[in-house]
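K.L.:
The structure that follows is given in the form of structure tokens.
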Amino acid sequence: MQMDCQAARDDIDAYAIGALDAEEALALEAHLRACDDCSALLDRALDAAASLALSAPLVAGGGALRARVLASAAVLSGGPPSAPRWWGAAAAALIMLSAGAMAWSGYLQKRVNDLERANDRVQASAAAQDELVDIALQPDVARVTMNGAGPAPSASGGYLWSPAREVGALVASGLPPLAEGQSYQMWIVYKDRWVSGGTFTVDASGHGRLVVKPDDAGKADSAPPLWFCVTVEPAGGSAKHTGAMVLRSPNI
Amino acid sequence: MDYTGLRDEELMERLSRRDLEAFQALYDRYGDLVYSVSLRVVGDTHVAQDVTQDVFLRVWRRPELFDLTRGKFVTWLLSVARNRSIDERRSQGRRLRHEALPSTAEEEDAIASRDERDDPAVATVLSDERRAVRRAMDVLPPEQRLAIQLAYFGGLTQQEIANKLGQPLGTVKTRIRLGMQKMRAALEERHAEGTGN
């Protein structure tokens with residue numbers, strides 16, 4: 001039987017704070033779809049219900065949580081997924097032009113090649129992004145905040161890793177630009193040795209990212225890592241750390 | 001560019017263009033609020049941190065989920081935080097310490113008085129709005145406030161509240177309805193005063 005307005009109004013506040021069971025909620029929603037007056041009352045009730053969240057005691061989430069959230073967002077960011085479609089449209093347009101203007105064919109061929117290379121980069125970026133998302137969403141994912149050190153006191157970073165899959169993702173920001181012939185190198189520090197996690201560079205804003213693969217992360221080690229850091233090394237990385245440390249995590 | 005002066009809606013518009021600094025500004029503005037709501041629901045700092053991260057990453061990945069025509073950003077964000085926290089509370093069941101859920105009006109009073117003890121480091125966040133809500137809650141009889149808290153922060157239905165408190169279902173329904181009506185009236189009166197209507 002269809003609910004009448006009086007019965008609906010008796011339930012609206014409970015609905016707004018999620019206190020109706022599923023059957024009651026369905027009955028009310030059916031009434032609301034047909035009754036503008038009761039729908040307007042629901043909007044008021046929802047506003048009041050949303051305000052209830054503000055009655056929670058305010059507690060600081062802390063700097064570590066902030067760094068973790070911002071690092072995860074940076075990890076999840078990447079190139080626009082629509083780029084390959086853009087390339088397809090552009091390439092099609094170029095091909096049509098070439099048919100009508102043979103003199104342009106060499107130029108157009110170069111453009112297509114450029115676009116194909118750009119598309120390859122976009123595809124690689126999308127694949128890298130998928131890897132990062134995959135790591136961030138692993139059920140055993142662990143996280144640690146990294147703080148600036150040595151010549152980069154204002155740098156910060158975060159490292160996410162999955163112990164089960166032995167992969168990780170580093171996100172760094174505030175790192176100074178590198179001199180020519182240098183790269184940043186991440187290290188995974190175990191009790192008896194340092195294992196390279198790979199090298200990376202930073203953009204003009206000092207942001208850098210690195211995906212650490214199983215082979216990089218010291219797959220043979222059964223003991224967990226003690227801490228992580230980033231140092232400045234010659235381009236391509238060093239077998240053993242030699243340069244200044246710019247990021248370091250606390251002990252795990 | 002200084003993002004601190006931008007409105008929430010402007011920050012969200014920038015978020016849709018993958019502006020990480022806008023995301024950072026939104027987190028700095030509301031991260032503690034989201035964490036606080038989640039902690040109130042789940043009662044566990046680690047779970048509350050996970051929920052907070054999840055809420056903000058949803059905003060980052062799907063900013064289009066916020067519909068400007070349906071209200072203020074902070075209202076939407078806190079609703080997402082509350083709903084996500086309730087889901088987590090239900091999925092984790094007994095593994096969580098449910099100390100946030102009072103079972104008597106006296107226990108609820110203790111929580112209500114604790115509500116006044118915000119972390120001083122973050123107490124200025126939406127302070128006027130939070131004060132108004134607390135005043136509106138304070139004028140409610142304890143049993144009405146308790147029923148509302150159990151539903152909103154505990155995720156319980158009216159029937160579950162009745163079972164928990166050993167009260168007739170009709171009594172619980174009345175408490176929630178009257179309590180919400182009073183709270184809504186108090187908030188709308190304050191709003192009317194604030195806008196000069």
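The way I read the labels, and the way they are meant: chains A, B, ... in the order of the structure tokens, residue 1 as the first residue of every chain, and ligand 1 as the first ligand shown, with later ones counted on from there.
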Enumerate, in order of chain and increasing residue number, the residues of chain A with an atom no farther than 9 Å from chain B, each with its shortest atom pair and distance in Å to one decimal, counting only C-alpha atoms, as CSV.
P.N.:
residue,atom,partner,partner_atom,distance
A:Asp10,CA,B:Arg177,CA,6.9
A:Asp11,CA,B:Arg177,CA,7.6
A:Ile12,CA,B:Arg177,CA,8.3
A:Asp13,CA,B:Arg177,CA,5.9
A:Ala14,CA,B:Ile176,CA,6.5
A:Ile17,CA,B:Tyr152,CA,5.3
A:Gly18,CA,B:Ala151,CA,6.5
A:Ala19,CA,B:Thr157,CA,4.0
A:Leu20,CA,B:Thr157,CA,5.4
A:Asp21,CA,B:Thr157,CA,5.9
A:Arg44,CA,B:Arg184,CA,7.8
A:Ala45,CA,B:Arg184,CA,7.1
A:Asp47,CA,B:Thr75,CA,7.8
A:Ala48,CA,B:Arg184,CA,5.4
A:Ala49,CA,B:Met180,CA,7.9
A:Ala50,CA,B:Thr75,CA,5.9
A:Ser51,CA,B:Val133,CA,6.6
A:Leu52,CA,B:Val133,CA,6.8
A:Ala53,CA,B:Val37,CA,6.0
A:Leu54,CA,B:Arg130,CA,5.1
A:Ser55,CA,B:Arg134,CA,5.7
A:Ala56,CA,B:Val37,CA,5.7
A:Pro57,CA,B:Asp115,CA,4.5
A:Leu58,CA,B:Asp118,CA,4.9
A:Val59,CA,B:Ser36,CA,5.3
A:Ala60,CA,B:Asp32,CA,5.1
A:Gly61,CA,B:Asp32,CA,5.2
A:Gly62,CA,B:Asp32,CA,8.0
A:Leu65,CA,B:Gln49,CA,6.6
A:Arg66,CA,B:Tyr27,CA,7.6
A:Arg68,CA,B:Gln53,CA,7.7
A:Val69,CA,B:Gln53,CA,5.3
A:Leu70,CA,B:Gln24,CA,6.7
A:Ser72,CA,B:Leu57,CA,7.6
A:Ala73,CA,B:Leu57,CA,6.2
A:Ala74,CA,B:Leu20,CA,7.2
A:Leu76,CA,B:Arg61,CA,8.0
A:Ser77,CA,B:Arg18,CA,7.3
A:Gly78,CA,B:Arg18,CA,8.6
K.L.:
Could you list, as a list in words, every residue within 7 Å of Val211 in chain A, counting only C-alpha atoms and ignoring same-chain residues fewer than 6 positions away?
P.N.:
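Result of the neighbour search: Gly168, Ala169 and Leu170 of chain A.
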K.L.:
Write out, as a tab-separated table (two decimals), in the first residue's frame, the residues just selected, with C-alpha atoms.
P.N.:
chain	number	residue	atom	x	y	z
A	168	GLY	CA	56.54	-0.20	-3.82
A	169	ALA	CA	56.00	3.35	-4.98
A	170	LEU	CA	57.93	6.40	-3.86
K.L.:
Skipping near chain neighbours, those fewer than 5 positions away, what residues fall within 6 Å of range 154-162 of chain A using only C-alpha atoms, listed as JSON, numbers by chain?
P.N.:
{"A": [71, 140, 141, 142, 143, 144, 145, 146, 147, 148, 167, 168, 169, 170, 171, 172, 173, 174, 175]}
K.L.:
Would you work out the distance separating CA of Asp43 in chain A from CA of Ala16 in chain A, expressed in Å to one decimal?
P.N.:
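Result for CA of Asp43 in chain A versus CA of Ala16 in chain A: 8.7 Å, one decimal.
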K.L.:
For range 24-28 of chain A, work out the shell of residues within 7 Å, counting only C-alpha atoms and skipping chain neighbours fewer than 6 positions away, then give it as a PyMOL selection string.
P.N.:
chain A and resi 3+8+15
K.L.:
Would you please give, as a PyMOL selection string, all residues of range 8-194 of chain B that DSSP assigns to helix (DSSP H, G or I) based on the backbone?
P.N.:
chain B and resi 8-15+20-42+45-61+63-65+68-70+73-95+105-114+127-138+142-152+158-165+169-194
K.L.:
Name the residues in contact with range 191-199 of chain A at a cut-off of 9 Å, using only C-alpha atoms, excluding same-chain residues fewer than 2 positions from it; report them as a list in words.
P.N.:
Gly168, Ser183, Tyr184, Gln185, Met186, Trp187, Ile188, Val189, Thr201, Leu210, Val211, Val212, Lys213, Asp215, Asp216, Ala217, Gly218, Ala223, Pro224, Pro225, Leu226, Glu233, Ala235, Gly236, Gly237, Ser238, Ala239, Lys240 and His241 of chain A
K.L.:
For the residues selected in the previous step, produce a file with C-alpha atoms as a PDB file, in the first residue's frame.
P.N.:
ATOM      1  CA  GLY A 168      56.541  -0.203  -3.823  1.00  0.00           C
ATOM      2  CA  SER A 183      70.154  11.231 -10.339  1.00  0.00           C
ATOM      3  CA  TYR A 184      68.310  10.518  -7.152  1.00  0.00           C
ATOM      4  CA  GLN A 185      68.562   6.938  -5.943  1.00  0.00           C
ATOM      5  CA  MET A 186      66.271   5.247  -3.454  1.00  0.00           C
ATOM      6  CA  TRP A 187      67.658   2.758  -0.950  1.00  0.00           C
ATOM      7  CA  ILE A 188      65.955   0.035   1.027  1.00  0.00           C
ATOM      8  CA  VAL A 189      67.996  -0.492   4.155  1.00  0.00           C
ATOM      9  CA  THR A 201      64.768  12.522 -11.485  1.00  0.00           C
ATOM     10  CA  LEU A 210      59.568   5.837  -8.635  1.00  0.00           C
ATOM     11  CA  VAL A 211      58.057   2.375  -8.857  1.00  0.00           C
ATOM     12  CA  VAL A 212      60.191  -0.204  -7.067  1.00  0.00           C
ATOM     13  CA  LYS A 213      59.994  -3.680  -8.598  1.00  0.00           C
ATOM     14  CA  ASP A 215      64.112  -7.411  -8.210  1.00  0.00           C
ATOM     15  CA  ASP A 216      65.008  -3.939  -6.997  1.00  0.00           C
ATOM     16  CA  ALA A 217      63.535  -4.445  -3.555  1.00  0.00           C
ATOM     17  CA  GLY A 218      65.785  -7.276  -2.478  1.00  0.00           C
ATOM     18  CA  ALA A 223      63.831  -9.966   6.992  1.00  0.00           C
ATOM     19  CA  PRO A 224      61.761  -6.798   6.613  1.00  0.00           C
ATOM     20  CA  PRO A 225      63.489  -3.510   5.746  1.00  0.00           C
ATOM     21  CA  LEU A 226      64.564  -1.255   8.590  1.00  0.00           C
ATOM     22  CA  GLU A 233      74.181   9.638  -6.980  1.00  0.00           C
ATOM     23  CA  ALA A 235      73.230   9.295 -13.268  1.00  0.00           C
ATOM     24  CA  GLY A 236      72.191   5.673 -13.576  1.00  0.00           C
ATOM     25  CA  GLY A 237      72.774   5.012  -9.899  1.00  0.00           C
ATOM     26  CA  SER A 238      75.544   3.581  -7.747  1.00  0.00           C
ATOM     27  CA  ALA A 239      76.149   0.076  -6.482  1.00  0.00           C
ATOM     28  CA  LYS A 240      76.741   1.606  -3.069  1.00  0.00           C
ATOM     29  CA  HIS A 241      75.480   4.917  -1.745  1.00  0.00           C
TER      30      HIS A 241
END
K.L.:
Between A:Gln182, A:Ala164, A:Gly63, A:Tyr190, which is the closest to Val202 in chain A once you count only C-alpha atoms?
P.N.:
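Of A:Gln182, A:Ala164, A:Gly63, A:Tyr190, the one nearest Val202 in chain A, counting only C-alpha atoms, is A:Gln182.
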K.L.:
By how many Å are CA of Val232 in chain A and CA of His207 in chain A apart?
P.N.:
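Computing it gives 14.7 Å between the two atoms.
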K.L.:
Just give me the gap between CA of Met245 in chain A and CA of Ile135 in chain A in Å, one decimal is fine.
P.N.:
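A separation of 25.4 Å between them.
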